[in-house]
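Enquirer: After the structure tokens below, expect a handful of questions from me.
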Amino acid sequence: MSTYISTTPRSNYGWLNGLIGGLVAGITQGIVGMMGTLIMGMGLFWPLVLIGYAFRPLTDNPSQDAGTIIIGLLIHMATTMMFGLIFALIAPYLPTALPLWIWGMIYGAIIWLVGYLGVLNLLDPTMAAKMNMILFFITHLVYGALLGWYLSWRTGQGRAVAP
């Protein structure tokens with residue numbers, strides 16, 4: 001039995017949906033990461049602290065002060081919105097054989113891989129040294145899945161494979 005796979009390109013998702021989707025997915029990613037570090041005994045705000053230390057020298061014990069946490073939050077939200085915008089721009093060109101939330105997970109895994117392979121060491125050596133990379137990977141999968149789902153939902157394209 002063969003399944004018909006649509007070759008019709010997806011519609012334009014729009015830059016605003018990309019920014020909002022990146023924000024929503026980034027908030028969810030942050031919550032998952034914060035819950036993970038809390039469970040592991042590193043503290044609720046540990047991911048934001050590590051992000052906030054992006055422009056400070058590597059230290060054995062980054063301070064969990066409010067300023068560092070706020071800087072981390074702002075950097076994280078700006079970054080996730082930027083990546084959401086990029087995904088919204090490339091999403092119309094992705095094959096429709098897979099739902100967009102799966103493409104989003106692939107996108108999240110690629111972001112993680114590029115960060116893991118060295119970009120993170122250049123931009124944020126404290127985070128590269130101190131972040132649990134398995135948790136970091138899981139949060140990126142969550143980010144991508146939710147970003148893809150959000151874009152599909154906002155445009156009414158929840159199904160990518162035709163019946």
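Going through the structure tokens in order, the chains are called A, B, and so on, while each chain numbers its residues from 1 and the ligands are numbered from 1 in the order shown.
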Within 12 Å of Leu50 of chain A, counting only C-alpha atoms, which residues qualify if same-chain residues fewer than 5 places away don't, as an NGL selection string?

Expert: :A and (33-34 or 37 or 42-45 or 55-65 or 68-73 or 75-76 or 120 or 123-132 or 136)

Enquirer: Show me, as a ChimeraX atom specification, the residues that have an atom within 8 Å of Met77 of chain A when counting only C-alpha atoms, minus same-chain residues fewer than 3 positions from it.

Expert: /A:23,26-27,73-74,80-81

Enquirer: Which residue out of A:Leu135, A:Gly148, A:Ile20, A:Gly52 has the minimum interatomic distance to Leu94 of chain A when only C-alpha atoms are used?

Expert: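 Result for the nearest residue to Leu94 of chain A: A:Gly148.
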
Enquirer: List as a list in words the protein and nucleic acid residues near Met133 of chain A, meaning an atom at most 9 Å away when only C-alpha atoms are counted, but skip any in the same chain fewer than 5 places from it.

Expert: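 My list of contacting residues is Trp112, Tyr116, Ala128 and Ile138 of chain A.
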
Enquirer: Show which residues sit within 12 Å of segment 141-145 of chain A, as a PDB file with N, CA, C and O atoms, in the first residue's frame. Count only C-alpha atoms, and ignore same-chain residues fewer than 4 positions away.

Expert:
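Result saved to around.pdb:
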ATOM      1  N   GLY A  18       7.834  33.221  13.340  1.00  0.00           N
ATOM      2  CA  GLY A  18       9.144  32.675  13.700  1.00  0.00           C
ATOM      3  C   GLY A  18       9.661  33.260  14.998  1.00  0.00           C
ATOM      4  O   GLY A  18      10.174  32.539  15.865  1.00  0.00           O
ATOM      5  N   GLY A  21       7.269  32.011  17.796  1.00  0.00           N
ATOM      6  CA  GLY A  21       7.517  30.586  17.998  1.00  0.00           C
ATOM      7  C   GLY A  21       8.841  30.345  18.702  1.00  0.00           C
ATOM      8  O   GLY A  21       8.938  29.490  19.586  1.00  0.00           O
ATOM      9  N   GLY A  22       9.867  31.096  18.318  1.00  0.00           N
ATOM     10  CA  GLY A  22      11.159  30.981  18.986  1.00  0.00           C
ATOM     11  C   GLY A  22      11.074  31.383  20.448  1.00  0.00           C
ATOM     12  O   GLY A  22      11.682  30.753  21.316  1.00  0.00           O
ATOM     13  N   LEU A  23      10.280  32.424  20.737  1.00  0.00           N
ATOM     14  CA  LEU A  23      10.101  32.870  22.117  1.00  0.00           C
ATOM     15  C   LEU A  23       9.370  31.812  22.941  1.00  0.00           C
ATOM     16  O   LEU A  23       9.814  31.439  24.030  1.00  0.00           O
ATOM     17  N   VAL A  24       8.259  31.301  22.414  1.00  0.00           N
ATOM     18  CA  VAL A  24       7.470  30.284  23.129  1.00  0.00           C
ATOM     19  C   VAL A  24       8.306  29.017  23.344  1.00  0.00           C
ATOM     20  O   VAL A  24       8.360  28.462  24.450  1.00  0.00           O
ATOM     21  N   ALA A  25       8.970  28.572  22.286  1.00  0.00           N
ATOM     22  CA  ALA A  25       9.800  27.370  22.395  1.00  0.00           C
ATOM     23  C   ALA A  25      10.990  27.612  23.323  1.00  0.00           C
ATOM     24  O   ALA A  25      11.392  26.715  24.075  1.00  0.00           O
ATOM     25  N   GLY A  26      11.556  28.813  23.289  1.00  0.00           N
ATOM     26  CA  GLY A  26      12.682  29.140  24.161  1.00  0.00           C
ATOM     27  C   GLY A  26      12.297  29.182  25.626  1.00  0.00           C
ATOM     28  O   GLY A  26      13.066  28.747  26.492  1.00  0.00           O
ATOM     29  N   ILE A  27      11.102  29.690  25.925  1.00  0.00           N
ATOM     30  CA  ILE A  27      10.626  29.688  27.314  1.00  0.00           C
ATOM     31  C   ILE A  27      10.458  28.251  27.801  1.00  0.00           C
ATOM     32  O   ILE A  27      10.894  27.894  28.894  1.00  0.00           O
ATOM     33  N   THR A  28       9.847  27.421  26.946  1.00  0.00           N
ATOM     34  CA  THR A  28       9.653  26.017  27.315  1.00  0.00           C
ATOM     35  C   THR A  28      10.997  25.309  27.477  1.00  0.00           C
ATOM     36  O   THR A  28      11.196  24.547  28.429  1.00  0.00           O
ATOM     37  N   GLN A  29      11.912  25.557  26.553  1.00  0.00           N
ATOM     38  CA  GLN A  29      13.255  24.974  26.646  1.00  0.00           C
ATOM     39  C   GLN A  29      13.911  25.381  27.961  1.00  0.00           C
ATOM     40  O   GLN A  29      14.518  24.556  28.640  1.00  0.00           O
ATOM     41  N   GLY A  30      13.785  26.644  28.318  1.00  0.00           N
ATOM     42  CA  GLY A  30      14.376  27.132  29.562  1.00  0.00           C
ATOM     43  C   GLY A  30      13.775  26.466  30.787  1.00  0.00           C
ATOM     44  O   GLY A  30      14.489  26.097  31.718  1.00  0.00           O
ATOM     45  N   ILE A  31      12.455  26.294  30.778  1.00  0.00           N
ATOM     46  CA  ILE A  31      11.796  25.647  31.913  1.00  0.00           C
ATOM     47  C   ILE A  31      12.281  24.210  32.053  1.00  0.00           C
ATOM     48  O   ILE A  31      12.591  23.759  33.169  1.00  0.00           O
ATOM     49  N   VAL A  32      12.362  23.487  30.937  1.00  0.00           N
ATOM     50  CA  VAL A  32      12.845  22.103  30.981  1.00  0.00           C
ATOM     51  C   VAL A  32      14.284  22.059  31.505  1.00  0.00           C
ATOM     52  O   VAL A  32      14.620  21.247  32.363  1.00  0.00           O
ATOM     53  N   GLY A  33      15.129  22.952  31.004  1.00  0.00           N
ATOM     54  CA  GLY A  33      16.520  23.003  31.462  1.00  0.00           C
ATOM     55  C   GLY A  33      16.630  23.360  32.933  1.00  0.00           C
ATOM     56  O   GLY A  33      17.423  22.771  33.674  1.00  0.00           O
ATOM     57  N   HIS A  76      19.281  34.406  26.245  1.00  0.00           N
ATOM     58  CA  HIS A  76      18.574  33.193  25.833  1.00  0.00           C
ATOM     59  C   HIS A  76      17.350  33.527  24.983  1.00  0.00           C
ATOM     60  O   HIS A  76      17.137  32.929  23.926  1.00  0.00           O
ATOM     61  N   MET A  77      16.550  34.491  25.418  1.00  0.00           N
ATOM     62  CA  MET A  77      15.337  34.833  24.674  1.00  0.00           C
ATOM     63  C   MET A  77      15.676  35.421  23.304  1.00  0.00           C
ATOM     64  O   MET A  77      15.045  35.073  22.305  1.00  0.00           O
ATOM     65  N   THR A  79      18.360  34.841  21.537  1.00  0.00           N
ATOM     66  CA  THR A  79      18.907  33.755  20.714  1.00  0.00           C
ATOM     67  C   THR A  79      17.805  32.833  20.211  1.00  0.00           C
ATOM     68  O   THR A  79      17.784  32.465  19.038  1.00  0.00           O
ATOM     69  N   THR A  80      16.884  32.451  21.090  1.00  0.00           N
ATOM     70  CA  THR A  80      15.825  31.537  20.657  1.00  0.00           C
ATOM     71  C   THR A  80      14.892  32.208  19.655  1.00  0.00           C
ATOM     72  O   THR A  80      14.389  31.555  18.736  1.00  0.00           O
ATOM     73  N   MET A  81      14.672  33.496  19.796  1.00  0.00           N
ATOM     74  CA  MET A  81      13.853  34.215  18.811  1.00  0.00           C
ATOM     75  C   MET A  81      14.562  34.275  17.461  1.00  0.00           C
ATOM     76  O   MET A  81      13.936  34.097  16.414  1.00  0.00           O
ATOM     77  N   PHE A  83      16.799  32.102  16.299  1.00  0.00           N
ATOM     78  CA  PHE A  83      16.744  30.766  15.703  1.00  0.00           C
ATOM     79  C   PHE A  83      15.331  30.429  15.236  1.00  0.00           C
ATOM     80  O   PHE A  83      15.154  29.709  14.255  1.00  0.00           O
ATOM     81  N   GLY A  84      14.315  30.932  15.921  1.00  0.00           N
ATOM     82  CA  GLY A  84      12.934  30.736  15.469  1.00  0.00           C
ATOM     83  C   GLY A  84      12.680  31.431  14.148  1.00  0.00           C
ATOM     84  O   GLY A  84      12.033  30.873  13.248  1.00  0.00           O
ATOM     85  N   ILE A  86      14.961  32.139  11.845  1.00  0.00           N
ATOM     86  CA  ILE A  86      15.690  31.388  10.814  1.00  0.00           C
ATOM     87  C   ILE A  86      14.906  30.152  10.402  1.00  0.00           C
ATOM     88  O   ILE A  86      14.762  29.856   9.209  1.00  0.00           O
ATOM     89  N   PHE A  87      14.362  29.417  11.383  1.00  0.00           N
ATOM     90  CA  PHE A  87      13.603  28.211  11.062  1.00  0.00           C
ATOM     91  C   PHE A  87      12.346  28.549  10.265  1.00  0.00           C
ATOM     92  O   PHE A  87      11.993  27.839   9.313  1.00  0.00           O
ATOM     93  N   ALA A  88      11.662  29.624  10.619  1.00  0.00           N
ATOM     94  CA  ALA A  88      10.464  30.027   9.880  1.00  0.00           C
ATOM     95  C   ALA A  88      10.802  30.373   8.430  1.00  0.00           C
ATOM     96  O   ALA A  88       9.981  30.149   7.526  1.00  0.00           O
ATOM     97  N   ALA A  91      11.672  26.786   6.756  1.00  0.00           N
ATOM     98  CA  ALA A  91      10.630  25.755   6.855  1.00  0.00           C
ATOM     99  C   ALA A  91       9.827  25.548   5.575  1.00  0.00           C
ATOM    100  O   ALA A  91       9.513  24.403   5.239  1.00  0.00           O
ATOM    101  N   PRO A  99       6.449  15.703   9.432  1.00  0.00           N
ATOM    102  CA  PRO A  99       5.771  16.848  10.064  1.00  0.00           C
ATOM    103  C   PRO A  99       6.800  17.896  10.482  1.00  0.00           C
ATOM    104  O   PRO A  99       7.955  17.580  10.763  1.00  0.00           O
ATOM    105  N   LEU A 100       6.367  19.125  10.550  1.00  0.00           N
ATOM    106  CA  LEU A 100       7.287  20.213  10.862  1.00  0.00           C
ATOM    107  C   LEU A 100       7.877  20.089  12.265  1.00  0.00           C
ATOM    108  O   LEU A 100       9.002  20.511  12.501  1.00  0.00           O
ATOM    109  N   TRP A 101       7.172  19.473  13.207  1.00  0.00           N
ATOM    110  CA  TRP A 101       7.741  19.326  14.547  1.00  0.00           C
ATOM    111  C   TRP A 101       8.931  18.371  14.528  1.00  0.00           C
ATOM    112  O   TRP A 101       9.862  18.547  15.306  1.00  0.00           O
ATOM    113  N   ILE A 102       8.912  17.379  13.621  1.00  0.00           N
ATOM    114  CA  ILE A 102      10.083  16.486  13.485  1.00  0.00           C
ATOM    115  C   ILE A 102      11.238  17.273  12.866  1.00  0.00           C
ATOM    116  O   ILE A 102      12.383  17.161  13.320  1.00  0.00           O
ATOM    117  N   TRP A 103      10.951  18.068  11.844  1.00  0.00           N
ATOM    118  CA  TRP A 103      12.000  18.918  11.262  1.00  0.00           C
ATOM    119  C   TRP A 103      12.552  19.854  12.331  1.00  0.00           C
ATOM    120  O   TRP A 103      13.750  20.142  12.372  1.00  0.00           O
ATOM    121  N   GLY A 104      11.668  20.337  13.206  1.00  0.00           N
ATOM    122  CA  GLY A 104      12.118  21.201  14.291  1.00  0.00           C
ATOM    123  C   GLY A 104      13.066  20.485  15.233  1.00  0.00           C
ATOM    124  O   GLY A 104      14.062  21.063  15.679  1.00  0.00           O
ATOM    125  N   MET A 105      12.773  19.222  15.532  1.00  0.00           N
ATOM    126  CA  MET A 105      13.685  18.452  16.391  1.00  0.00           C
ATOM    127  C   MET A 105      15.041  18.268  15.716  1.00  0.00           C
ATOM    128  O   MET A 105      16.081  18.358  16.372  1.00  0.00           O
ATOM    129  N   ILE A 106      15.024  18.023  14.422  1.00  0.00           N
ATOM    130  CA  ILE A 106      16.278  17.898  13.670  1.00  0.00           C
ATOM    131  C   ILE A 106      17.037  19.226  13.729  1.00  0.00           C
ATOM    132  O   ILE A 106      18.254  19.255  13.957  1.00  0.00           O
ATOM    133  N   TYR A 107      16.314  20.316  13.555  1.00  0.00           N
ATOM    134  CA  TYR A 107      16.900  21.657  13.632  1.00  0.00           C
ATOM    135  C   TYR A 107      17.511  21.892  15.023  1.00  0.00           C
ATOM    136  O   TYR A 107      18.646  22.373  15.140  1.00  0.00           O
ATOM    137  N   GLY A 108      16.780  21.539  16.073  1.00  0.00           N
ATOM    138  CA  GLY A 108      17.295  21.672  17.432  1.00  0.00           C
ATOM    139  C   GLY A 108      18.543  20.835  17.654  1.00  0.00           C
ATOM    140  O   GLY A 108      19.492  21.280  18.297  1.00  0.00           O
ATOM    141  N   ALA A 109      18.544  19.620  17.103  1.00  0.00           N
ATOM    142  CA  ALA A 109      19.723  18.750  17.235  1.00  0.00           C
ATOM    143  C   ALA A 109      20.924  19.340  16.498  1.00  0.00           C
ATOM    144  O   ALA A 109      22.059  19.253  16.978  1.00  0.00           O
ATOM    145  N   ILE A 110      20.673  19.964  15.357  1.00  0.00           N
ATOM    146  CA  ILE A 110      21.765  20.606  14.606  1.00  0.00           C
ATOM    147  C   ILE A 110      22.327  21.790  15.395  1.00  0.00           C
ATOM    148  O   ILE A 110      23.548  21.963  15.482  1.00  0.00           O
ATOM    149  N   ILE A 111      21.441  22.588  15.973  1.00  0.00           N
ATOM    150  CA  ILE A 111      21.906  23.713  16.796  1.00  0.00           C
ATOM    151  C   ILE A 111      22.767  23.197  17.943  1.00  0.00           C
ATOM    152  O   ILE A 111      23.834  23.739  18.235  1.00  0.00           O
ATOM    153  N   TRP A 112      22.299  22.132  18.604  1.00  0.00           N
ATOM    154  CA  TRP A 112      23.065  21.543  19.702  1.00  0.00           C
ATOM    155  C   TRP A 112      24.422  21.043  19.212  1.00  0.00           C
ATOM    156  O   TRP A 112      25.448  21.297  19.849  1.00  0.00           O
ATOM    157  N   LEU A 113      24.419  20.338  18.081  1.00  0.00           N
ATOM    158  CA  LEU A 113      25.654  19.755  17.560  1.00  0.00           C
ATOM    159  C   LEU A 113      26.678  20.832  17.222  1.00  0.00           C
ATOM    160  O   LEU A 113      27.850  20.725  17.579  1.00  0.00           O
ATOM    161  N   ILE A 134      23.949  16.212  28.017  1.00  0.00           N
ATOM    162  CA  ILE A 134      22.762  15.398  27.728  1.00  0.00           C
ATOM    163  C   ILE A 134      21.501  16.233  27.967  1.00  0.00           C
ATOM    164  O   ILE A 134      20.587  16.248  27.144  1.00  0.00           O
ATOM    165  N   LEU A 135      21.454  16.950  29.079  1.00  0.00           N
ATOM    166  CA  LEU A 135      20.328  17.843  29.335  1.00  0.00           C
ATOM    167  C   LEU A 135      20.259  18.927  28.266  1.00  0.00           C
ATOM    168  O   LEU A 135      19.177  19.269  27.781  1.00  0.00           O
ATOM    169  N   PHE A 136      21.394  19.458  27.891  1.00  0.00           N
ATOM    170  CA  PHE A 136      21.479  20.482  26.851  1.00  0.00           C
ATOM    171  C   PHE A 136      20.897  19.947  25.542  1.00  0.00           C
ATOM    172  O   PHE A 136      20.160  20.654  24.848  1.00  0.00           O
ATOM    173  N   PHE A 137      21.181  18.699  25.207  1.00  0.00           N
ATOM    174  CA  PHE A 137      20.653  18.064  23.992  1.00  0.00           C
ATOM    175  C   PHE A 137      19.133  17.908  24.095  1.00  0.00           C
ATOM    176  O   PHE A 137      18.400  18.254  23.163  1.00  0.00           O
ATOM    177  N   TRP A 149       6.002  22.625  15.894  1.00  0.00           N
ATOM    178  CA  TRP A 149       4.573  22.489  16.176  1.00  0.00           C
ATOM    179  C   TRP A 149       3.891  23.852  16.143  1.00  0.00           C
ATOM    180  O   TRP A 149       2.814  24.008  15.570  1.00  0.00           O
ATOM    181  N   TYR A 150       4.498  24.856  16.758  1.00  0.00           N
ATOM    182  CA  TYR A 150       3.905  26.186  16.815  1.00  0.00           C
ATOM    183  C   TYR A 150       3.700  26.753  15.408  1.00  0.00           C
ATOM    184  O   TYR A 150       2.633  27.280  15.104  1.00  0.00           O
ATOM    185  N   LEU A 151       4.704  26.631  14.563  1.00  0.00           N
ATOM    186  CA  LEU A 151       4.570  27.162  13.205  1.00  0.00           C
ATOM    187  C   LEU A 151       3.475  26.429  12.435  1.00  0.00           C
ATOM    188  O   LEU A 151       2.708  27.055  11.694  1.00  0.00           O
ATOM    189  N   SER A 152       3.375  25.125  12.601  1.00  0.00           N
ATOM    190  CA  SER A 152       2.311  24.365  11.951  1.00  0.00           C
ATOM    191  C   SER A 152       0.942  24.798  12.465  1.00  0.00           C
ATOM    192  O   SER A 152       0.005  24.973  11.695  1.00  0.00           O
TER     193      SER A 152
END

Enquirer: Tell me, in Å to one decimal, how far atom CA of Trp46 of chain A is from atom CA of Leu19 of chain A.

Expert: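 A separation of 24.8 Å between them.
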
Enquirer: Could you please write out, as a count of residues only, every residue of segment 26-104 of chain A that DSSP assigns to alpha helix (DSSP H)?

Expert: 51
